[in-house]
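Text of protein.cif (mmCIF, N, CA and C atoms and all ligand atoms) as supplied:
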```
data_final
#
loop_
_atom_site.label_atom_id
_atom_site.label_comp_id
_atom_site.auth_asym_id
_atom_site.auth_seq_id
_atom_site.Cartn_x
_atom_site.Cartn_y
_atom_site.Cartn_z
N MET A 1 -10.61 -7.03 14.88
CA MET A 1 -11.65 -8.04 14.68
C MET A 1 -12.12 -8.56 16.04
N THR A 2 -13.42 -8.58 16.27
CA THR A 2 -13.92 -9.03 17.57
C THR A 2 -13.94 -10.55 17.60
N ASP A 3 -14.12 -11.10 18.83
CA ASP A 3 -14.16 -12.55 18.96
C ASP A 3 -15.32 -13.15 18.20
N ALA A 4 -16.40 -12.35 18.02
CA ALA A 4 -17.59 -12.87 17.35
C ALA A 4 -17.41 -12.94 15.83
N THR A 5 -16.38 -12.27 15.30
CA THR A 5 -16.18 -12.26 13.85
C THR A 5 -15.53 -13.56 13.41
N PRO A 6 -16.13 -14.24 12.46
CA PRO A 6 -15.50 -15.50 12.02
C PRO A 6 -14.17 -15.24 11.34
N ALA A 7 -13.23 -16.15 11.54
CA ALA A 7 -11.91 -16.01 10.92
C ALA A 7 -12.02 -16.22 9.42
N SER A 8 -11.20 -15.48 8.67
CA SER A 8 -11.17 -15.64 7.22
C SER A 8 -10.39 -16.90 6.86
N PRO A 9 -10.72 -17.51 5.73
CA PRO A 9 -9.88 -18.61 5.26
C PRO A 9 -8.45 -18.13 5.07
N ALA A 10 -7.48 -19.00 5.27
CA ALA A 10 -6.07 -18.62 5.31
C ALA A 10 -5.62 -17.88 4.05
N ARG A 11 -6.11 -18.26 2.87
CA ARG A 11 -5.64 -17.64 1.63
C ARG A 11 -6.61 -16.59 1.09
N SER A 12 -7.54 -16.15 1.90
CA SER A 12 -8.50 -15.18 1.40
C SER A 12 -7.84 -13.82 1.19
N ARG A 13 -8.37 -13.04 0.26
CA ARG A 13 -7.86 -11.71 -0.01
C ARG A 13 -8.72 -10.71 0.76
N GLY A 14 -8.36 -10.51 2.01
CA GLY A 14 -9.16 -9.64 2.85
C GLY A 14 -8.93 -8.19 2.52
N SER A 15 -7.71 -7.72 2.70
CA SER A 15 -7.38 -6.34 2.38
C SER A 15 -5.89 -6.24 2.06
N ILE A 16 -5.55 -5.23 1.28
CA ILE A 16 -4.16 -4.99 0.93
C ILE A 16 -3.52 -4.17 2.04
N VAL A 17 -2.30 -4.52 2.42
CA VAL A 17 -1.58 -3.75 3.43
C VAL A 17 -0.28 -3.23 2.83
N LEU A 18 0.19 -2.13 3.39
CA LEU A 18 1.40 -1.48 2.91
C LEU A 18 2.53 -1.69 3.92
N ILE A 19 3.65 -2.22 3.45
CA ILE A 19 4.86 -2.31 4.28
C ILE A 19 5.71 -1.11 3.88
N GLU A 20 5.48 -0.01 4.58
CA GLU A 20 5.94 1.30 4.13
C GLU A 20 7.45 1.39 3.98
N GLU A 21 8.19 0.74 4.85
CA GLU A 21 9.65 0.85 4.79
C GLU A 21 10.22 0.23 3.52
N ASN A 22 9.44 -0.62 2.86
CA ASN A 22 9.92 -1.24 1.61
C ASN A 22 9.58 -0.42 0.37
N CYS A 23 8.68 0.54 0.51
CA CYS A 23 8.18 1.27 -0.66
C CYS A 23 9.19 2.33 -1.12
N THR A 24 9.54 2.28 -2.39
CA THR A 24 10.50 3.24 -2.95
C THR A 24 9.80 4.32 -3.79
N VAL A 25 8.47 4.34 -3.75
CA VAL A 25 7.68 5.32 -4.51
C VAL A 25 7.98 5.19 -6.02
N CYS A 26 8.14 3.97 -6.48
CA CYS A 26 8.46 3.75 -7.89
C CYS A 26 7.24 3.90 -8.78
N MET A 27 6.04 3.86 -8.20
CA MET A 27 4.77 4.08 -8.93
C MET A 27 4.34 2.89 -9.79
N LEU A 28 5.09 1.81 -9.77
CA LEU A 28 4.77 0.68 -10.64
C LEU A 28 3.37 0.13 -10.35
N CYS A 29 3.06 -0.03 -9.08
CA CYS A 29 1.75 -0.59 -8.73
C CYS A 29 0.62 0.31 -9.24
N ALA A 30 0.79 1.62 -9.09
CA ALA A 30 -0.26 2.54 -9.52
C ALA A 30 -0.42 2.52 -11.05
N ARG A 31 0.70 2.36 -11.75
CA ARG A 31 0.62 2.32 -13.22
C ARG A 31 0.00 1.03 -13.73
N GLU A 32 0.23 -0.07 -13.02
CA GLU A 32 -0.26 -1.36 -13.49
C GLU A 32 -1.69 -1.67 -13.02
N CYS A 33 -2.15 -0.96 -12.02
CA CYS A 33 -3.51 -1.23 -11.51
C CYS A 33 -4.53 -0.97 -12.62
N PRO A 34 -5.33 -1.97 -12.98
CA PRO A 34 -6.28 -1.80 -14.09
C PRO A 34 -7.40 -0.82 -13.76
N ASP A 35 -7.65 -0.59 -12.48
CA ASP A 35 -8.75 0.29 -12.08
C ASP A 35 -8.27 1.68 -11.67
N TRP A 36 -6.98 1.92 -11.71
CA TRP A 36 -6.44 3.22 -11.30
C TRP A 36 -6.94 3.61 -9.90
N CYS A 37 -6.93 2.65 -9.01
CA CYS A 37 -7.47 2.96 -7.68
C CYS A 37 -6.37 3.12 -6.63
N ILE A 38 -5.10 3.14 -7.08
CA ILE A 38 -4.00 3.42 -6.15
C ILE A 38 -3.54 4.85 -6.36
N HIS A 39 -3.50 5.61 -5.28
CA HIS A 39 -3.12 7.02 -5.36
C HIS A 39 -1.82 7.22 -4.58
N ILE A 40 -0.78 7.62 -5.32
CA ILE A 40 0.54 7.80 -4.69
C ILE A 40 1.04 9.21 -4.98
N GLU A 41 1.55 9.86 -3.96
CA GLU A 41 2.23 11.15 -4.14
C GLU A 41 3.56 11.07 -3.41
N GLY A 42 4.57 11.69 -4.01
CA GLY A 42 5.88 11.69 -3.38
C GLY A 42 6.71 12.86 -3.88
N HIS A 43 7.87 13.00 -3.31
CA HIS A 43 8.78 14.04 -3.78
C HIS A 43 10.21 13.51 -3.66
N LYS A 44 11.13 14.20 -4.32
CA LYS A 44 12.53 13.78 -4.26
C LYS A 44 13.28 14.62 -3.23
N GLU A 45 14.20 13.97 -2.55
CA GLU A 45 15.09 14.68 -1.63
C GLU A 45 16.52 14.32 -1.97
N THR A 46 17.40 15.26 -1.73
CA THR A 46 18.81 15.04 -2.04
C THR A 46 19.56 14.68 -0.76
N ILE A 47 20.26 13.56 -0.83
CA ILE A 47 21.11 13.13 0.29
C ILE A 47 22.55 13.53 -0.06
N PRO A 48 23.14 14.42 0.72
CA PRO A 48 24.51 14.87 0.39
C PRO A 48 25.50 13.72 0.42
N ALA A 49 26.51 13.84 -0.42
CA ALA A 49 27.57 12.82 -0.48
C ALA A 49 28.29 12.75 0.86
N THR A 50 28.65 11.55 1.24
CA THR A 50 29.37 11.37 2.51
C THR A 50 30.87 11.30 2.30
N GLU A 51 31.29 10.99 1.07
CA GLU A 51 32.72 10.92 0.74
C GLU A 51 33.12 12.22 0.02
N PRO A 52 34.37 12.68 0.18
CA PRO A 52 34.80 13.92 -0.46
C PRO A 52 34.61 13.91 -1.98
N ARG A 53 34.81 12.77 -2.61
CA ARG A 53 34.67 12.71 -4.07
C ARG A 53 33.37 12.02 -4.49
N GLY A 54 32.49 11.80 -3.52
CA GLY A 54 31.23 11.13 -3.83
C GLY A 54 30.21 12.08 -4.43
N ARG A 55 29.12 11.51 -4.86
CA ARG A 55 28.05 12.32 -5.45
C ARG A 55 26.85 12.39 -4.50
N ASP A 56 26.11 13.48 -4.61
CA ASP A 56 24.84 13.55 -3.89
C ASP A 56 23.91 12.50 -4.47
N ARG A 57 23.01 11.98 -3.64
CA ARG A 57 22.04 10.99 -4.10
C ARG A 57 20.64 11.57 -4.00
N GLN A 58 19.78 11.16 -4.90
CA GLN A 58 18.38 11.56 -4.82
C GLN A 58 17.54 10.37 -4.41
N VAL A 59 16.67 10.58 -3.44
CA VAL A 59 15.77 9.50 -3.01
C VAL A 59 14.33 9.99 -3.10
N ASN A 60 13.43 9.04 -3.37
CA ASN A 60 12.00 9.34 -3.38
C ASN A 60 11.45 9.26 -1.96
N VAL A 61 10.63 10.20 -1.60
CA VAL A 61 10.00 10.20 -0.28
C VAL A 61 8.49 10.12 -0.46
N LEU A 62 7.87 9.20 0.24
CA LEU A 62 6.43 8.97 0.11
C LEU A 62 5.65 10.03 0.88
N ASP A 63 4.74 10.70 0.20
CA ASP A 63 3.87 11.67 0.86
C ASP A 63 2.46 11.12 1.06
N ARG A 64 2.01 10.37 0.09
CA ARG A 64 0.65 9.82 0.20
C ARG A 64 0.59 8.46 -0.49
N PHE A 65 -0.10 7.52 0.12
CA PHE A 65 -0.38 6.22 -0.51
C PHE A 65 -1.78 5.84 -0.07
N ALA A 66 -2.68 5.71 -1.02
CA ALA A 66 -4.06 5.36 -0.68
C ALA A 66 -4.60 4.39 -1.71
N ILE A 67 -5.48 3.53 -1.25
CA ILE A 67 -6.17 2.60 -2.16
C ILE A 67 -7.66 2.81 -2.01
N ASP A 68 -8.33 2.96 -3.15
CA ASP A 68 -9.78 3.11 -3.14
C ASP A 68 -10.40 1.73 -3.31
N PHE A 69 -10.79 1.14 -2.20
CA PHE A 69 -11.36 -0.21 -2.25
C PHE A 69 -12.78 -0.22 -2.81
N ALA A 70 -13.33 0.93 -3.07
CA ALA A 70 -14.64 0.98 -3.73
C ALA A 70 -14.53 0.54 -5.18
N THR A 71 -13.35 0.71 -5.78
CA THR A 71 -13.18 0.31 -7.18
C THR A 71 -12.17 -0.83 -7.34
N CYS A 72 -11.42 -1.14 -6.30
CA CYS A 72 -10.46 -2.26 -6.37
C CYS A 72 -11.21 -3.55 -6.68
N MET A 73 -10.66 -4.35 -7.58
CA MET A 73 -11.30 -5.64 -7.89
C MET A 73 -10.49 -6.81 -7.34
N PHE A 74 -9.57 -6.53 -6.43
CA PHE A 74 -8.86 -7.58 -5.70
C PHE A 74 -8.16 -8.57 -6.64
N CYS A 75 -7.58 -8.01 -7.71
CA CYS A 75 -6.94 -8.86 -8.71
C CYS A 75 -5.53 -9.25 -8.31
N SER A 76 -4.91 -8.50 -7.39
CA SER A 76 -3.57 -8.79 -6.87
C SER A 76 -2.43 -8.35 -7.79
N ILE A 77 -2.75 -7.67 -8.87
CA ILE A 77 -1.69 -7.24 -9.79
C ILE A 77 -0.70 -6.32 -9.07
N CYS A 78 -1.19 -5.39 -8.26
CA CYS A 78 -0.29 -4.45 -7.57
C CYS A 78 0.70 -5.20 -6.68
N ILE A 79 0.22 -6.22 -6.00
CA ILE A 79 1.10 -6.99 -5.12
C ILE A 79 2.10 -7.79 -5.94
N ASP A 80 1.64 -8.34 -7.05
CA ASP A 80 2.53 -9.17 -7.88
C ASP A 80 3.63 -8.34 -8.55
N VAL A 81 3.32 -7.11 -8.94
CA VAL A 81 4.31 -6.33 -9.69
C VAL A 81 5.26 -5.54 -8.79
N CYS A 82 4.92 -5.36 -7.54
CA CYS A 82 5.80 -4.56 -6.67
C CYS A 82 7.17 -5.24 -6.55
N PRO A 83 8.23 -4.56 -6.98
CA PRO A 83 9.55 -5.20 -6.96
C PRO A 83 10.15 -5.29 -5.55
N PHE A 84 9.54 -4.63 -4.59
CA PHE A 84 10.16 -4.51 -3.27
C PHE A 84 9.32 -5.12 -2.15
N ASP A 85 8.33 -5.91 -2.51
CA ASP A 85 7.47 -6.57 -1.51
C ASP A 85 6.90 -5.56 -0.51
N ALA A 86 6.45 -4.44 -1.04
CA ALA A 86 5.89 -3.41 -0.16
C ALA A 86 4.38 -3.52 -0.01
N LEU A 87 3.76 -4.43 -0.76
CA LEU A 87 2.32 -4.65 -0.65
C LEU A 87 2.09 -6.13 -0.37
N ALA A 88 1.05 -6.41 0.40
CA ALA A 88 0.75 -7.81 0.73
C ALA A 88 -0.73 -7.93 1.04
N TRP A 89 -1.23 -9.15 0.98
CA TRP A 89 -2.60 -9.40 1.40
C TRP A 89 -2.64 -9.68 2.89
N SER A 90 -3.62 -9.12 3.56
CA SER A 90 -3.93 -9.53 4.91
C SER A 90 -5.25 -10.31 4.83
N PRO A 91 -5.34 -11.44 5.49
CA PRO A 91 -6.60 -12.20 5.39
C PRO A 91 -7.77 -11.51 6.08
N GLU A 92 -7.45 -10.51 6.89
CA GLU A 92 -8.53 -9.84 7.62
C GLU A 92 -9.13 -8.72 6.79
N TYR A 93 -10.38 -8.50 6.96
CA TYR A 93 -11.07 -7.42 6.26
C TYR A 93 -11.65 -6.46 7.29
N ARG A 94 -11.42 -5.18 7.07
CA ARG A 94 -11.83 -4.21 8.09
C ARG A 94 -12.65 -3.08 7.49
N PHE A 95 -13.29 -3.34 6.37
CA PHE A 95 -14.01 -2.26 5.70
C PHE A 95 -15.36 -2.02 6.36
N SER A 96 -15.60 -0.78 6.65
CA SER A 96 -16.93 -0.39 7.12
C SER A 96 -17.10 1.09 6.85
N GLY A 97 -18.31 1.52 6.74
CA GLY A 97 -18.57 2.92 6.47
C GLY A 97 -19.96 3.10 5.92
N GLU A 98 -20.30 4.36 5.69
CA GLU A 98 -21.67 4.63 5.26
C GLU A 98 -21.79 4.72 3.75
N GLY A 99 -20.66 4.77 3.06
CA GLY A 99 -20.73 4.86 1.61
C GLY A 99 -19.39 4.61 0.97
N PRO A 100 -19.34 4.63 -0.38
CA PRO A 100 -18.10 4.34 -1.09
C PRO A 100 -16.93 5.23 -0.70
N ALA A 101 -17.20 6.47 -0.31
CA ALA A 101 -16.12 7.39 0.05
C ALA A 101 -15.33 6.88 1.25
N ASP A 102 -15.99 6.10 2.10
CA ASP A 102 -15.32 5.56 3.29
C ASP A 102 -14.36 4.42 2.95
N LEU A 103 -14.38 3.97 1.69
CA LEU A 103 -13.50 2.88 1.28
C LEU A 103 -12.19 3.38 0.67
N LEU A 104 -11.98 4.69 0.69
CA LEU A 104 -10.69 5.25 0.29
C LEU A 104 -9.79 5.20 1.52
N ILE A 105 -8.90 4.22 1.54
CA ILE A 105 -8.10 3.95 2.74
C ILE A 105 -6.70 4.52 2.56
N GLU A 106 -6.29 5.34 3.50
CA GLU A 106 -5.02 6.06 3.39
C GLU A 106 -3.87 5.28 4.02
N ARG A 107 -2.70 5.78 3.74
CA ARG A 107 -1.42 5.16 4.11
C ARG A 107 -1.34 4.73 5.59
N ASP A 108 -1.74 5.60 6.50
CA ASP A 108 -1.59 5.25 7.92
C ASP A 108 -2.36 3.98 8.26
N THR A 109 -3.56 3.89 7.73
CA THR A 109 -4.39 2.71 8.01
C THR A 109 -3.84 1.49 7.30
N LEU A 110 -3.43 1.66 6.03
CA LEU A 110 -2.87 0.52 5.29
C LEU A 110 -1.62 -0.01 5.98
N THR A 111 -0.81 0.90 6.52
CA THR A 111 0.40 0.50 7.22
C THR A 111 0.06 -0.18 8.55
N ARG A 112 -0.90 0.39 9.25
CA ARG A 112 -1.29 -0.19 10.55
C ARG A 112 -1.85 -1.60 10.37
N TRP A 113 -2.63 -1.80 9.30
CA TRP A 113 -3.17 -3.14 9.04
C TRP A 113 -2.03 -4.13 8.80
N GLY A 114 -0.92 -3.63 8.21
CA GLY A 114 0.19 -4.53 7.93
C GLY A 114 0.91 -4.95 9.20
N VAL A 115 0.90 -4.07 10.20
CA VAL A 115 1.61 -4.36 11.45
C VAL A 115 0.69 -5.13 12.40
N ALA A 116 -0.52 -4.62 12.52
CA ALA A 116 -1.49 -5.24 13.44
C ALA A 116 -2.84 -5.22 12.74
N PRO A 117 -3.09 -6.16 11.84
CA PRO A 117 -4.29 -6.13 11.02
C PRO A 117 -5.59 -6.12 11.78
N SER A 118 -5.60 -6.59 13.01
CA SER A 118 -6.89 -6.67 13.72
C SER A 118 -7.26 -5.38 14.41
N GLU A 119 -6.37 -4.35 14.35
CA GLU A 119 -6.69 -3.09 15.05
C GLU A 119 -7.46 -2.15 14.14
S1 LIG B 1 -5.84 -5.53 -6.32
FE1 LIG B 1 -5.95 -4.97 -8.52
S2 LIG B 1 -7.57 -3.42 -8.63
FE2 LIG B 1 -6.98 -3.60 -6.47
S3 LIG B 1 -5.45 -1.99 -6.12
FE3 LIG B 1 -4.34 -3.88 -6.67
S4 LIG B 1 -4.07 -3.80 -8.90
FE4 LIG B 1 -5.64 -2.29 -8.36
S1 LIG B 2 4.20 -0.30 -3.29
FE1 LIG B 2 5.83 -1.25 -4.52
S2 LIG B 2 5.26 -0.90 -6.66
FE2 LIG B 2 4.05 0.51 -5.39
S3 LIG B 2 5.22 2.42 -5.32
FE3 LIG B 2 5.82 1.23 -3.52
S4 LIG B 2 7.63 0.05 -4.16
FE4 LIG B 2 6.63 0.78 -6.04
#
```
Transcribe the structure of this file into structure tokens.
Amino acid sequence: MTDATPASPARSRGSIVLIEENCTVCMLCARECPDWCIHIEGHKETIPATEPRGRDRQVNVLDRFAIDFATCMFCSICIDVCPFDALAWSPEYRFSGEGPADLLIERDTLTRWGVAPSE
């Protein structure tokens, strides 16, 4: 955000950000989104047991997380239902582009906005 850009009100819903380390790829947000505008892809990986009598564990690994802000209605349901606080509002808004296709924001950008929203 440049110096000339006015600051958003403190509680404004500027954009959704992803705190990737908290995401377990549970898909709850994508299932509850009324507009189906969250796109998640993942796969399972097996973590070998560390104890001789232990069991291997399966974990979900995130491959893709994207939000289509062209259809998002900023209802906050995805943030409210996430059990792991992996989604949050950033008061800053960074949307720009020539058309609706430019509002499909992918994981890297959503994560970067969460760390440094003004970049
Ligand atoms: S704010 Fe609402 S419409 Fe937008 S991605 Fe979240 S659940 Fe979907
Ligand atoms: S953001 Fe939250 S609700 Fe959505 S997949 Fe990740 S952990 Fe589950």
**OP:** May I ask for the distance between atom CA of A:Gly99 and atom N of A:Ser8, given in Å to one decimal place?
**Re:**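 Separation between atom CA of A:Gly99 and atom N of A:Ser8: 23.5 Å.
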Subject >> Residues of chain A in strand (DSSP E), written as an NGL selection string >> reply: :A and (15-18 or 38-47 or 57-68 or 87-90 or 104-106)
Any chance you can output those residues with N, CA and C atoms as an mmCIF file, keeping the file's coordinate frame?
```cif
data_model
loop_
_atom_site.group_PDB
_atom_site.id
_atom_site.type_symbol
_atom_site.label_atom_id
_atom_site.label_comp_id
_atom_site.auth_asym_id
_atom_site.auth_seq_id
_atom_site.Cartn_x
_atom_site.Cartn_y
_atom_site.Cartn_z
ATOM 1 N N SER A 15 -7.710 -7.720 2.700
ATOM 2 C CA SER A 15 -7.380 -6.340 2.380
ATOM 3 C C SER A 15 -5.890 -6.240 2.060
ATOM 4 N N ILE A 16 -5.550 -5.230 1.280
ATOM 5 C CA ILE A 16 -4.160 -4.990 0.930
ATOM 6 C C ILE A 16 -3.520 -4.170 2.040
ATOM 7 N N VAL A 17 -2.300 -4.520 2.420
ATOM 8 C CA VAL A 17 -1.580 -3.750 3.430
ATOM 9 C C VAL A 17 -0.280 -3.230 2.830
ATOM 10 N N LEU A 18 0.190 -2.130 3.390
ATOM 11 C CA LEU A 18 1.400 -1.480 2.910
ATOM 12 C C LEU A 18 2.530 -1.690 3.920
ATOM 13 N N ILE A 38 -5.100 3.140 -7.080
ATOM 14 C CA ILE A 38 -4.000 3.420 -6.150
ATOM 15 C C ILE A 38 -3.540 4.850 -6.360
ATOM 16 N N HIS A 39 -3.500 5.610 -5.280
ATOM 17 C CA HIS A 39 -3.120 7.020 -5.360
ATOM 18 C C HIS A 39 -1.820 7.220 -4.580
ATOM 19 N N ILE A 40 -0.780 7.620 -5.320
ATOM 20 C CA ILE A 40 0.540 7.800 -4.690
ATOM 21 C C ILE A 40 1.040 9.210 -4.980
ATOM 22 N N GLU A 41 1.550 9.860 -3.960
ATOM 23 C CA GLU A 41 2.230 11.150 -4.140
ATOM 24 C C GLU A 41 3.560 11.070 -3.410
ATOM 25 N N GLY A 42 4.570 11.690 -4.010
ATOM 26 C CA GLY A 42 5.880 11.690 -3.380
ATOM 27 C C GLY A 42 6.710 12.860 -3.880
ATOM 28 N N HIS A 43 7.870 13.000 -3.310
ATOM 29 C CA HIS A 43 8.780 14.040 -3.780
ATOM 30 C C HIS A 43 10.210 13.510 -3.660
ATOM 31 N N LYS A 44 11.130 14.200 -4.320
ATOM 32 C CA LYS A 44 12.530 13.780 -4.260
ATOM 33 C C LYS A 44 13.280 14.620 -3.230
ATOM 34 N N GLU A 45 14.200 13.970 -2.550
ATOM 35 C CA GLU A 45 15.090 14.680 -1.630
ATOM 36 C C GLU A 45 16.520 14.320 -1.970
ATOM 37 N N THR A 46 17.400 15.260 -1.730
ATOM 38 C CA THR A 46 18.810 15.040 -2.040
ATOM 39 C C THR A 46 19.560 14.680 -0.760
ATOM 40 N N ILE A 47 20.260 13.560 -0.830
ATOM 41 C CA ILE A 47 21.110 13.130 0.290
ATOM 42 C C ILE A 47 22.550 13.530 -0.060
ATOM 43 N N ARG A 57 23.010 11.980 -3.640
ATOM 44 C CA ARG A 57 22.040 10.990 -4.100
ATOM 45 C C ARG A 57 20.640 11.570 -4.000
ATOM 46 N N GLN A 58 19.780 11.160 -4.900
ATOM 47 C CA GLN A 58 18.380 11.560 -4.820
ATOM 48 C C GLN A 58 17.540 10.370 -4.410
ATOM 49 N N VAL A 59 16.670 10.580 -3.440
ATOM 50 C CA VAL A 59 15.770 9.500 -3.010
ATOM 51 C C VAL A 59 14.330 9.990 -3.100
ATOM 52 N N ASN A 60 13.430 9.040 -3.370
ATOM 53 C CA ASN A 60 12.000 9.340 -3.380
ATOM 54 C C ASN A 60 11.450 9.260 -1.960
ATOM 55 N N VAL A 61 10.630 10.200 -1.600
ATOM 56 C CA VAL A 61 10.000 10.200 -0.280
ATOM 57 C C VAL A 61 8.490 10.120 -0.460
ATOM 58 N N LEU A 62 7.870 9.200 0.240
ATOM 59 C CA LEU A 62 6.430 8.970 0.110
ATOM 60 C C LEU A 62 5.650 10.030 0.880
ATOM 61 N N ASP A 63 4.740 10.700 0.200
ATOM 62 C CA ASP A 63 3.870 11.670 0.860
ATOM 63 C C ASP A 63 2.460 11.120 1.060
ATOM 64 N N ARG A 64 2.010 10.370 0.090
ATOM 65 C CA ARG A 64 0.650 9.820 0.200
ATOM 66 C C ARG A 64 0.590 8.460 -0.490
ATOM 67 N N PHE A 65 -0.100 7.520 0.120
ATOM 68 C CA PHE A 65 -0.380 6.220 -0.510
ATOM 69 C C PHE A 65 -1.780 5.840 -0.070
ATOM 70 N N ALA A 66 -2.680 5.710 -1.020
ATOM 71 C CA ALA A 66 -4.060 5.360 -0.680
ATOM 72 C C ALA A 66 -4.600 4.390 -1.710
ATOM 73 N N ILE A 67 -5.480 3.530 -1.250
ATOM 74 C CA ILE A 67 -6.170 2.600 -2.160
ATOM 75 C C ILE A 67 -7.660 2.810 -2.010
ATOM 76 N N ASP A 68 -8.330 2.960 -3.150
ATOM 77 C CA ASP A 68 -9.780 3.110 -3.140
ATOM 78 C C ASP A 68 -10.400 1.730 -3.310
ATOM 79 N N LEU A 87 3.760 -4.430 -0.760
ATOM 80 C CA LEU A 87 2.320 -4.650 -0.650
ATOM 81 C C LEU A 87 2.090 -6.130 -0.370
ATOM 82 N N ALA A 88 1.050 -6.410 0.400
ATOM 83 C CA ALA A 88 0.750 -7.810 0.730
ATOM 84 C C ALA A 88 -0.730 -7.930 1.040
ATOM 85 N N TRP A 89 -1.230 -9.150 0.980
ATOM 86 C CA TRP A 89 -2.600 -9.400 1.400
ATOM 87 C C TRP A 89 -2.640 -9.680 2.890
ATOM 88 N N SER A 90 -3.620 -9.120 3.560
ATOM 89 C CA SER A 90 -3.930 -9.530 4.910
ATOM 90 C C SER A 90 -5.250 -10.310 4.830
ATOM 91 N N LEU A 104 -11.980 4.690 0.690
ATOM 92 C CA LEU A 104 -10.690 5.250 0.290
ATOM 93 C C LEU A 104 -9.790 5.200 1.520
ATOM 94 N N ILE A 105 -8.900 4.220 1.540
ATOM 95 C CA ILE A 105 -8.100 3.950 2.740
ATOM 96 C C ILE A 105 -6.700 4.520 2.560
ATOM 97 N N GLU A 106 -6.290 5.340 3.500
ATOM 98 C CA GLU A 106 -5.020 6.060 3.390
ATOM 99 C C GLU A 106 -3.870 5.280 4.020
#
```
**OP:** Could you please determine the separation between atom CA of A:Thr46 and atom CA of A:Val59 in Å, to one decimal place?
**Re:**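 Atom CA of A:Val59 lies at a distance of 6.4 Å from atom CA of A:Thr46.
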**OP:** Kindly provide, as a PyMOL selection string, all nucleotide and amino acid residues lying within 7 Å of ligand LIG 1 (chain B), counting all atoms listed in the file.
**Re:** chain A and resi 29+32-38+67-69+71-79
Subject >> Pick from A:Cys26, A:Leu18, A:Asp85, A:Gly97 nearest to A:Val115, counting only N, CA and C atoms >> reply: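 Under the stated criterion, the closest residue is A:Leu18.
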**OP:** Go ahead and compute the interatomic distance for atom CA of A:Thr111 and atom CA of A:Arg57, in Å to one decimal.
**Re:**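 It comes out at 26.6 Å.
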Subject >> Sel. of helix (DSSP H, G or I) residues, chain A, as a list in words >> reply: Glu20, Glu21, Asn22, Leu28, Cys29, Ala30, Arg31, Glu32, Ile77, Cys78, Ile79, Asp80, Val81, Pro100, Ala101, Asp102, Leu103, Arg107, Asp108, Thr109, Leu110, Thr111, Arg112, Trp113, Gly114 and Val115 of chain A
Original post:
Which residue gives the smallest distance to ligand LIG 2 (chain B) among A:Arg31, A:Arg112, A:Arg94, A:Arg107, with only N, CA and C atoms and all ligand atoms counted?
Top reply: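 Among the listed residues, the smallest separation from ligand LIG 2 (chain B) belongs to A:Arg31.
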**OP:** Residues up to 8 Å from ligand LIG 2 (chain B), counting only C-alpha atoms and all ligand atoms: could you list those as a ChimeraX atom specification?
**Re:** /A:18-20,22-30,40,78-79,81-87
Write to file, as a CSV table (one decimal), in the frame of the given file, the residues of the selection just made, with N, CA and C atoms.
```csv
chain,number,residue,atom,x,y,z
A,18,LEU,N,0.2,-2.1,3.4
A,18,LEU,CA,1.4,-1.5,2.9
A,18,LEU,C,2.5,-1.7,3.9
A,19,ILE,N,3.6,-2.2,3.4
A,19,ILE,CA,4.9,-2.3,4.3
A,19,ILE,C,5.7,-1.1,3.9
A,20,GLU,N,5.5,0.0,4.6
A,20,GLU,CA,5.9,1.3,4.1
A,20,GLU,C,7.4,1.4,4.0
A,22,ASN,N,9.4,-0.6,2.9
A,22,ASN,CA,9.9,-1.2,1.6
A,22,ASN,C,9.6,-0.4,0.4
A,23,CYS,N,8.7,0.5,0.5
A,23,CYS,CA,8.2,1.3,-0.7
A,23,CYS,C,9.2,2.3,-1.1
A,24,THR,N,9.5,2.3,-2.4
A,24,THR,CA,10.5,3.2,-3.0
A,24,THR,C,9.8,4.3,-3.8
A,25,VAL,N,8.5,4.3,-3.8
A,25,VAL,CA,7.7,5.3,-4.5
A,25,VAL,C,8.0,5.2,-6.0
A,26,CYS,N,8.1,4.0,-6.5
A,26,CYS,CA,8.5,3.8,-7.9
A,26,CYS,C,7.2,3.9,-8.8
A,27,MET,N,6.0,3.9,-8.2
A,27,MET,CA,4.8,4.1,-8.9
A,27,MET,C,4.3,2.9,-9.8
A,28,LEU,N,5.1,1.8,-9.8
A,28,LEU,CA,4.8,0.7,-10.6
A,28,LEU,C,3.4,0.1,-10.4
A,29,CYS,N,3.1,0.0,-9.1
A,29,CYS,CA,1.8,-0.6,-8.7
A,29,CYS,C,0.6,0.3,-9.2
A,30,ALA,N,0.8,1.6,-9.1
A,30,ALA,CA,-0.3,2.5,-9.5
A,30,ALA,C,-0.4,2.5,-11.0
A,40,ILE,N,-0.8,7.6,-5.3
A,40,ILE,CA,0.5,7.8,-4.7
A,40,ILE,C,1.0,9.2,-5.0
A,78,CYS,N,-1.2,-5.4,-8.3
A,78,CYS,CA,-0.3,-4.4,-7.6
A,78,CYS,C,0.7,-5.2,-6.7
A,79,ILE,N,0.2,-6.2,-6.0
A,79,ILE,CA,1.1,-7.0,-5.1
A,79,ILE,C,2.1,-7.8,-5.9
A,81,VAL,N,3.3,-7.1,-8.9
A,81,VAL,CA,4.3,-6.3,-9.7
A,81,VAL,C,5.3,-5.5,-8.8
A,82,CYS,N,4.9,-5.4,-7.5
A,82,CYS,CA,5.8,-4.6,-6.7
A,82,CYS,C,7.2,-5.2,-6.6
A,83,PRO,N,8.2,-4.6,-7.0
A,83,PRO,CA,9.6,-5.2,-7.0
A,83,PRO,C,10.2,-5.3,-5.6
A,84,PHE,N,9.5,-4.6,-4.6
A,84,PHE,CA,10.2,-4.5,-3.3
A,84,PHE,C,9.3,-5.1,-2.2
A,85,ASP,N,8.3,-5.9,-2.5
A,85,ASP,CA,7.5,-6.6,-1.5
A,85,ASP,C,6.9,-5.6,-0.5
A,86,ALA,N,6.4,-4.4,-1.0
A,86,ALA,CA,5.9,-3.4,-0.2
A,86,ALA,C,4.4,-3.5,0.0
A,87,LEU,N,3.8,-4.4,-0.8
A,87,LEU,CA,2.3,-4.6,-0.6
A,87,LEU,C,2.1,-6.1,-0.4
```
Subject >> Which of A:Trp89, A:Glu106, A:Ala66, A:Glu98 sits closest to A:Ile16 [using only C-alpha atoms] >> reply: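 Among A:Trp89, A:Glu106, A:Ala66, A:Glu98, it is A:Trp89 that comes nearest to A:Ile16.
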